[in-house]
Amino acid sequence: MDRAAEMGFDALIAADIGVLDYACNRWPDLNLHLSVQGSATNYEAIRFFHENFGINRVVVPRVLSLPQVKHVVENSPVSIEVSGFGSLCVMVEGRCLLSSYATGESPNTFGACSPASAVEWRETDKGLETRLGGILIETVEKGENAGYPTICKARFEVGGNTFHAIEEPTSLNTMEMLPELQKAGIAAVKIEGRQRSPVYVKQVTRVWRAALDACAKDPEHFKPKTEWLAELAKVSEGSQTTFGAYHRPWQ
Amino acid sequence: MKLSLGPITYFWSKDKTLEFYEQVAKSPVDIVYLGETICSKRAVIRFSDWMEIGERLAAAGKEVVMSTMTLLEAESELKMMRRICENGKFMVEANDIGAIHLMQGRPFVTGPSVNVYNQRTLAKLAKVGLRRWVFPVELSEETFADMQDERPEGVESEIFAYGRLPLAYSARCFTARAHNLPKDDCDYKCGEFPDGMTLSAQDETRFLSLNGIQTQSAHTFNVLSELDELRSLEVDVLRISPQSEHTMEVIEAFHNAMQGKETPEAAAARLNEKMPIGPCDGYWHGKPGISDSLLDNYK
């Protein structure tokens, strides 16, 4: 925190109350953003972070429908940022312990979900078996795509059926919703960049910059261009994308 | 050291709930947390009913705390949270930072889903009214000991000591999904699973329990065998999380061990058979949550 503040970054993003408390006392001029891991899903929580630590921006968790996002924007004292493209967290961020339950490490304690050291792949007659923390969470047949294993996107047995009990291996893409997000008063869309290559970041941000500019110019007629979607599809995990919780039927 | 009973996390009928708290009133727990903390659609017990249950428990000598919802999305949920915070009679357990905002300047408790992961967070919350905090379930004894060393004056520490672990919350209802139903038309399927629906991995590890929008551990966390250690760490309150059967026996086992009528090890071992699936205690020992210090196979 001290090093970042001394280097004069435009803003610092944090999730933990202790860290935010240190930051606003030690560096009162620092521009603070609340991370999605801060788990602020409602404007009362946002007001707490604003009044106590002077945050200027909140990234809201991927649990709100579009009308709920709009309601937060209308009642929030600070600007709101939403996830636009990347992995889809199905659980409210900052309060998901599934990873540490199986592996001992979670986003809250180690900054990572499904740590690579806990992943084991094994070729068998049945196909490619994936274990996380020694627990068999997925078996894919030869030729089937195997994404990076997380508990929430694996197949489990519930009530006698084996299926994607939590979520399918899908990723988030809200580009088609851009005019609505803009109308809702969203200040920024977040493109996932963590654990991604420089090439990925370059391709994805270039496409999104073009889409944001096109939407700002003519929201009425905005439609994602085929070549943008093709470019994004090249770097997405799996072939499916979803609007996630923004779209009520997903819930 | 006091004994508390956490809020019921499942969707039980009103009759079952009322009967449950009649037994609780006669049990040796000191503190009872009340209210719906998981899903606002489960509204068979209204706010006024919870207040009545609270009054009966208070008359039986229990300290009553009203718990707020964990994942807040709709304005109607904020309204209910405001009613609970303004109940005027009982202490409030905040299960989201939003409730802390409403309680600022007044005494409150934080539940296991409020992230208090370090001393500085604890100190900050103490300044705005925190009187008791529940230690996050994924942290270890070592972290707890460090935080106890710098515990602010007047703040009590509570440990989630027994129950299926609260692991995650979502906008999606997994019980409805398992029945091919959307959340908005869920048919209240979670009411058919008074301890949640067990989810198994492909190697048959009984792994998680789906409880509506919440995901719990399939295994039941239990640190009763560590009672002497918990005493030396000056834990103020041990929390038991209700399950659909045998909760009174669980309370009895904890009470007996705390009174020295039974060894903690013997009382803890007796509880293994009372759990829906089996025990785990990995988090307390700094290991994966599902592991257990006494069993090497958790299937």
# chains A, B, ... in the order shown; residues from 1 in each chain; ligands from 1
call {"tool": "select_by_dssp", "arguments": {"residues": "region 122-182 of chain B", "states": "strand (DSSP E or B)", "output": "ChimeraX atom specification"}}
result
/B:130-134,156-170
call {"tool": "write_last_selection", "arguments": {"atoms": "N, CA and C atoms", "output": "mmCIF file, in the first residue's frame"}}
result
data_model
loop_
_atom_site.group_PDB
_atom_site.id
_atom_site.type_symbol
_atom_site.label_atom_id
_atom_site.label_comp_id
_atom_site.auth_asym_id
_atom_site.auth_seq_id
_atom_site.Cartn_x
_atom_site.Cartn_y
_atom_site.Cartn_z
ATOM 1 N N LEU B 130 -19.174 -2.527 17.366
ATOM 2 C CA LEU B 130 -19.098 -3.989 17.480
ATOM 3 C C LEU B 130 -18.934 -4.429 18.939
ATOM 4 N N ARG B 131 -19.812 -5.341 19.378
ATOM 5 C CA ARG B 131 -19.710 -5.872 20.743
ATOM 6 C C ARG B 131 -19.283 -7.336 20.758
ATOM 7 N N ARG B 132 -19.608 -8.036 19.663
ATOM 8 C CA ARG B 132 -19.227 -9.449 19.583
ATOM 9 C C ARG B 132 -19.087 -9.787 18.109
ATOM 10 N N TRP B 133 -18.124 -10.631 17.791
ATOM 11 C CA TRP B 133 -17.916 -11.025 16.395
ATOM 12 C C TRP B 133 -17.793 -12.525 16.307
ATOM 13 N N VAL B 134 -18.306 -13.064 15.196
ATOM 14 C CA VAL B 134 -18.143 -14.483 14.932
ATOM 15 C C VAL B 134 -16.946 -14.630 13.990
ATOM 16 N N GLU B 156 -16.481 -9.278 22.488
ATOM 17 C CA GLU B 156 -16.461 -10.718 22.745
ATOM 18 C C GLU B 156 -16.205 -11.489 21.454
ATOM 19 N N SER B 157 -15.554 -12.653 21.590
ATOM 20 C CA SER B 157 -15.263 -13.488 20.423
ATOM 21 C C SER B 157 -16.113 -14.748 20.443
ATOM 22 N N GLU B 158 -16.764 -15.003 19.320
ATOM 23 C CA GLU B 158 -17.606 -16.188 19.182
ATOM 24 C C GLU B 158 -17.064 -17.058 18.054
ATOM 25 N N ILE B 159 -17.069 -18.363 18.290
ATOM 26 C CA ILE B 159 -16.571 -19.321 17.291
ATOM 27 C C ILE B 159 -17.747 -20.136 16.765
ATOM 28 N N PHE B 160 -17.801 -20.328 15.448
ATOM 29 C CA PHE B 160 -18.760 -21.265 14.857
ATOM 30 C C PHE B 160 -18.220 -22.645 15.228
ATOM 31 N N ALA B 161 -18.845 -23.308 16.202
ATOM 32 C CA ALA B 161 -18.256 -24.513 16.793
ATOM 33 C C ALA B 161 -18.852 -25.800 16.267
ATOM 34 N N TYR B 162 -20.112 -25.744 15.819
ATOM 35 C CA TYR B 162 -20.764 -26.968 15.366
ATOM 36 C C TYR B 162 -21.800 -26.663 14.291
ATOM 37 N N GLY B 163 -21.733 -27.404 13.186
ATOM 38 C CA GLY B 163 -22.776 -27.274 12.166
ATOM 39 C C GLY B 163 -22.208 -27.405 10.767
ATOM 40 N N ARG B 164 -23.113 -27.561 9.788
ATOM 41 C CA ARG B 164 -22.690 -27.530 8.391
ATOM 42 C C ARG B 164 -22.194 -26.116 8.104
ATOM 43 N N LEU B 165 -21.009 -26.013 7.478
ATOM 44 C CA LEU B 165 -20.368 -24.712 7.308
ATOM 45 C C LEU B 165 -21.037 -23.864 6.231
ATOM 46 N N PRO B 166 -21.277 -22.584 6.514
ATOM 47 C CA PRO B 166 -21.768 -21.694 5.459
ATOM 48 C C PRO B 166 -20.604 -21.382 4.513
ATOM 49 N N LEU B 167 -20.712 -21.799 3.225
ATOM 50 C CA LEU B 167 -19.570 -21.646 2.316
ATOM 51 C C LEU B 167 -19.774 -20.608 1.217
ATOM 52 N N ALA B 168 -21.026 -20.431 0.741
ATOM 53 C CA ALA B 168 -21.214 -19.499 -0.375
ATOM 54 C C ALA B 168 -22.684 -19.105 -0.515
ATOM 55 N N TYR B 169 -22.891 -17.956 -1.183
ATOM 56 C CA TYR B 169 -24.237 -17.413 -1.424
ATOM 57 C C TYR B 169 -24.301 -16.950 -2.871
ATOM 58 N N SER B 170 -25.454 -17.117 -3.509
ATOM 59 C CA SER B 170 -25.565 -16.777 -4.927
ATOM 60 C C SER B 170 -26.883 -16.078 -5.226
#
call {"tool": "interface_residues", "arguments": {"of": "chain A", "to": "chain B", "cutoff": "6 Å", "atoms": "only C-alpha atoms", "output": "list in words"}}
result
Ile17, Gly18, Glu44, Ala45, Phe48, Val63, Met91, Val92, Arg95, Cys96, Leu97, Leu98, Ser100, Tyr101, Ala102, Thr103, Gly104, Leu136, Ile137, Phe156, Glu157, Val158 and Gln251 of chain A
call {"tool": "select_by_dssp", "arguments": {"residues": "region 78-295 of chain B", "states": "alpha helix (DSSP H)", "output": "ChimeraX atom specification"}}
result
/B:78-85,97-103,119-127,141-149,174-178,227-232,247-259,264-271
call {"tool": "residues_around", "arguments": {"residues": "Glu176 (chain A)", "least_positions_apart": "6", "cutoff": "9 Å", "atoms": "only C-alpha atoms", "output": "ChimeraX atom specification"}}
result
/A:222-224,243
call {"tool": "closest_residue", "arguments": {"among": "B:Lys261, B:Leu294, B:Pro136, B:Ser67", "to": "Asn108 (chain A)", "atoms": "only C-alpha atoms"}}
result
B:Pro136
call {"tool": "residues_around", "arguments": {"residues": "Ala60 (chain B)", "least_positions_apart": "4", "cutoff": "12 Å", "atoms": "only C-alpha atoms", "output": "PyMOL selection string"}}
result
chain B and resi 21-32+53-56+64
call {"tool": "atom_distance", "arguments": {"atom1": "CA of Ala267 (chain B)", "atom2": "CA of Pro242 (chain B)"}}
result
17.4 Å
call {"tool": "atom_distance", "arguments": {"atom1": "CA of Cys24 (chain A)", "atom2": "CA of Glu81 (chain A)"}}
result
20.8 Å
call {"tool": "residues_around", "arguments": {"residues": "region 189-191 of chain A", "least_positions_apart": "4", "cutoff": "10 Å", "atoms": "only C-alpha atoms", "output": "ChimeraX atom specification"}}
result
/A:59,80-87,172-175,178,181-182,201,204-205,208,212
call {"tool": "write_last_selection", "arguments": {"atoms": "all heavy atoms", "output": "compact mmCIF listing (two decimals), in the first residue's frame"}}
result
# COMPACT_ATOMS: atom_id res chain seq x y z
N VAL A 59 -16.95 -1.67 -7.38
CA VAL A 59 -17.25 -2.72 -8.35
C VAL A 59 -18.25 -3.65 -7.67
O VAL A 59 -17.96 -4.23 -6.63
CB VAL A 59 -15.99 -3.52 -8.73
CG1 VAL A 59 -16.31 -4.49 -9.87
CG2 VAL A 59 -14.85 -2.59 -9.11
N ILE A 80 -20.48 3.56 -9.95
CA ILE A 80 -20.59 2.09 -9.94
C ILE A 80 -19.95 1.49 -11.19
O ILE A 80 -20.17 1.97 -12.31
CB ILE A 80 -22.08 1.66 -9.89
CG1 ILE A 80 -22.78 2.25 -8.68
CG2 ILE A 80 -22.21 0.13 -9.93
CD1 ILE A 80 -22.33 1.74 -7.34
N GLU A 81 -19.19 0.45 -10.95
CA GLU A 81 -18.56 -0.30 -12.04
C GLU A 81 -19.10 -1.73 -12.01
O GLU A 81 -19.31 -2.27 -10.93
CB GLU A 81 -17.04 -0.28 -11.78
CG GLU A 81 -16.19 -1.01 -12.78
CD GLU A 81 -14.69 -0.70 -12.55
OE1 GLU A 81 -14.35 0.43 -12.12
OE2 GLU A 81 -13.88 -1.61 -12.77
N VAL A 82 -19.34 -2.31 -13.18
CA VAL A 82 -19.83 -3.70 -13.21
C VAL A 82 -18.92 -4.57 -14.05
O VAL A 82 -18.20 -4.08 -14.91
CB VAL A 82 -21.27 -3.80 -13.79
CG1 VAL A 82 -22.27 -3.06 -12.93
CG2 VAL A 82 -21.32 -3.33 -15.24
N SER A 83 -18.97 -5.87 -13.78
CA SER A 83 -18.21 -6.82 -14.58
C SER A 83 -18.84 -6.91 -15.96
O SER A 83 -20.05 -7.07 -16.08
CB SER A 83 -18.23 -8.20 -13.93
OG SER A 83 -17.51 -8.14 -12.72
N GLY A 84 -18.01 -6.81 -17.00
CA GLY A 84 -18.54 -6.83 -18.35
C GLY A 84 -18.16 -8.06 -19.14
O GLY A 84 -18.94 -8.58 -19.91
N PHE A 85 -16.94 -8.52 -18.90
CA PHE A 85 -16.44 -9.62 -19.72
C PHE A 85 -15.38 -10.42 -18.95
O PHE A 85 -14.51 -9.84 -18.33
CB PHE A 85 -15.81 -9.05 -21.01
CG PHE A 85 -15.38 -10.11 -21.98
CD1 PHE A 85 -16.31 -10.71 -22.83
CD2 PHE A 85 -14.06 -10.52 -22.05
CE1 PHE A 85 -15.91 -11.69 -23.73
CE2 PHE A 85 -13.65 -11.50 -22.96
CZ PHE A 85 -14.59 -12.09 -23.80
N GLY A 86 -15.51 -11.74 -19.02
CA GLY A 86 -14.53 -12.61 -18.37
C GLY A 86 -15.20 -13.77 -17.68
O GLY A 86 -16.30 -14.16 -18.05
N SER A 87 -14.55 -14.29 -16.65
CA SER A 87 -15.13 -15.42 -15.93
C SER A 87 -16.42 -15.00 -15.25
O SER A 87 -16.62 -13.83 -14.94
CB SER A 87 -14.16 -15.92 -14.87
OG SER A 87 -13.01 -16.38 -15.47
N LEU A 172 -18.83 -14.73 -18.87
CA LEU A 172 -19.72 -13.58 -18.92
C LEU A 172 -19.39 -12.69 -20.11
O LEU A 172 -18.22 -12.37 -20.35
CB LEU A 172 -19.55 -12.78 -17.61
CG LEU A 172 -20.38 -11.52 -17.43
CD1 LEU A 172 -21.82 -11.88 -17.12
CD2 LEU A 172 -19.80 -10.68 -16.28
N ASN A 173 -20.41 -12.30 -20.86
CA ASN A 173 -20.22 -11.29 -21.91
C ASN A 173 -21.46 -10.41 -21.97
O ASN A 173 -22.54 -10.85 -22.35
CB ASN A 173 -19.99 -11.97 -23.27
CG ASN A 173 -19.69 -10.94 -24.35
OD1 ASN A 173 -19.61 -9.73 -24.07
ND2 ASN A 173 -19.53 -11.39 -25.58
N THR A 174 -21.30 -9.15 -21.59
CA THR A 174 -22.45 -8.24 -21.51
C THR A 174 -22.49 -7.24 -22.66
O THR A 174 -23.21 -6.24 -22.59
CB THR A 174 -22.42 -7.44 -20.19
OG1 THR A 174 -21.24 -6.63 -20.20
CG2 THR A 174 -22.42 -8.34 -18.98
N MET A 175 -21.71 -7.49 -23.72
CA MET A 175 -21.60 -6.46 -24.77
C MET A 175 -22.96 -6.07 -25.35
O MET A 175 -23.22 -4.89 -25.57
CB MET A 175 -20.67 -6.91 -25.88
CG MET A 175 -20.32 -5.75 -26.80
SD MET A 175 -19.21 -6.22 -28.09
CE MET A 175 -17.65 -6.11 -27.24
N LEU A 178 -24.79 -3.30 -23.53
CA LEU A 178 -24.12 -2.01 -23.30
C LEU A 178 -25.06 -0.79 -23.26
O LEU A 178 -24.96 0.04 -22.36
CB LEU A 178 -23.02 -1.78 -24.33
CG LEU A 178 -21.62 -2.23 -23.92
CD1 LEU A 178 -20.62 -1.86 -25.01
CD2 LEU A 178 -21.21 -1.62 -22.59
N LEU A 181 -26.77 -0.81 -19.93
CA LEU A 181 -25.84 -0.50 -18.83
C LEU A 181 -25.53 1.00 -18.82
O LEU A 181 -25.48 1.63 -17.77
CB LEU A 181 -24.55 -1.31 -18.97
CG LEU A 181 -24.66 -2.81 -18.70
CD1 LEU A 181 -23.38 -3.54 -19.09
CD2 LEU A 181 -24.98 -3.09 -17.22
N GLN A 182 -25.36 1.54 -20.01
CA GLN A 182 -25.08 2.97 -20.13
C GLN A 182 -26.25 3.78 -19.58
O GLN A 182 -26.07 4.73 -18.82
CB GLN A 182 -24.83 3.30 -21.59
CG GLN A 182 -24.30 4.69 -21.83
CD GLN A 182 -24.12 4.95 -23.32
OE1 GLN A 182 -23.36 4.26 -23.99
NE2 GLN A 182 -24.85 5.90 -23.85
N VAL A 201 -5.26 -9.46 -23.11
CA VAL A 201 -5.66 -8.12 -22.65
C VAL A 201 -5.72 -7.15 -23.83
O VAL A 201 -6.67 -6.38 -23.97
CB VAL A 201 -4.68 -7.61 -21.56
CG1 VAL A 201 -4.97 -6.16 -21.23
CG2 VAL A 201 -4.80 -8.49 -20.31
N VAL A 204 -8.85 -8.10 -26.14
CA VAL A 204 -10.14 -7.88 -25.52
C VAL A 204 -10.40 -6.39 -25.27
O VAL A 204 -11.49 -5.88 -25.56
CB VAL A 204 -10.26 -8.68 -24.19
CG1 VAL A 204 -11.54 -8.32 -23.46
CG2 VAL A 204 -10.23 -10.17 -24.49
N THR A 205 -9.41 -5.68 -24.79
CA THR A 205 -9.63 -4.26 -24.51
C THR A 205 -9.80 -3.44 -25.79
O THR A 205 -10.57 -2.48 -25.82
CB THR A 205 -8.49 -3.64 -23.67
OG1 THR A 205 -7.25 -3.90 -24.32
CG2 THR A 205 -8.48 -4.21 -22.26
N TRP A 208 -13.43 -4.00 -26.85
CA TRP A 208 -14.35 -3.32 -25.92
C TRP A 208 -14.28 -1.80 -26.04
O TRP A 208 -15.28 -1.11 -25.90
CB TRP A 208 -14.13 -3.79 -24.48
CG TRP A 208 -14.94 -5.02 -24.21
CD1 TRP A 208 -14.61 -6.30 -24.52
CD2 TRP A 208 -16.26 -5.06 -23.64
NE1 TRP A 208 -15.63 -7.14 -24.16
CE2 TRP A 208 -16.66 -6.41 -23.62
CE3 TRP A 208 -17.14 -4.10 -23.14
CZ2 TRP A 208 -17.89 -6.83 -23.12
CZ3 TRP A 208 -18.37 -4.52 -22.64
CH2 TRP A 208 -18.74 -5.86 -22.64
N LEU A 212 -17.53 0.38 -26.73
CA LEU A 212 -17.95 1.48 -25.84
C LEU A 212 -18.09 2.79 -26.62
O LEU A 212 -19.04 3.54 -26.42
CB LEU A 212 -16.94 1.65 -24.69
CG LEU A 212 -16.99 0.59 -23.59
CD1 LEU A 212 -15.76 0.70 -22.70
CD2 LEU A 212 -18.26 0.73 -22.75
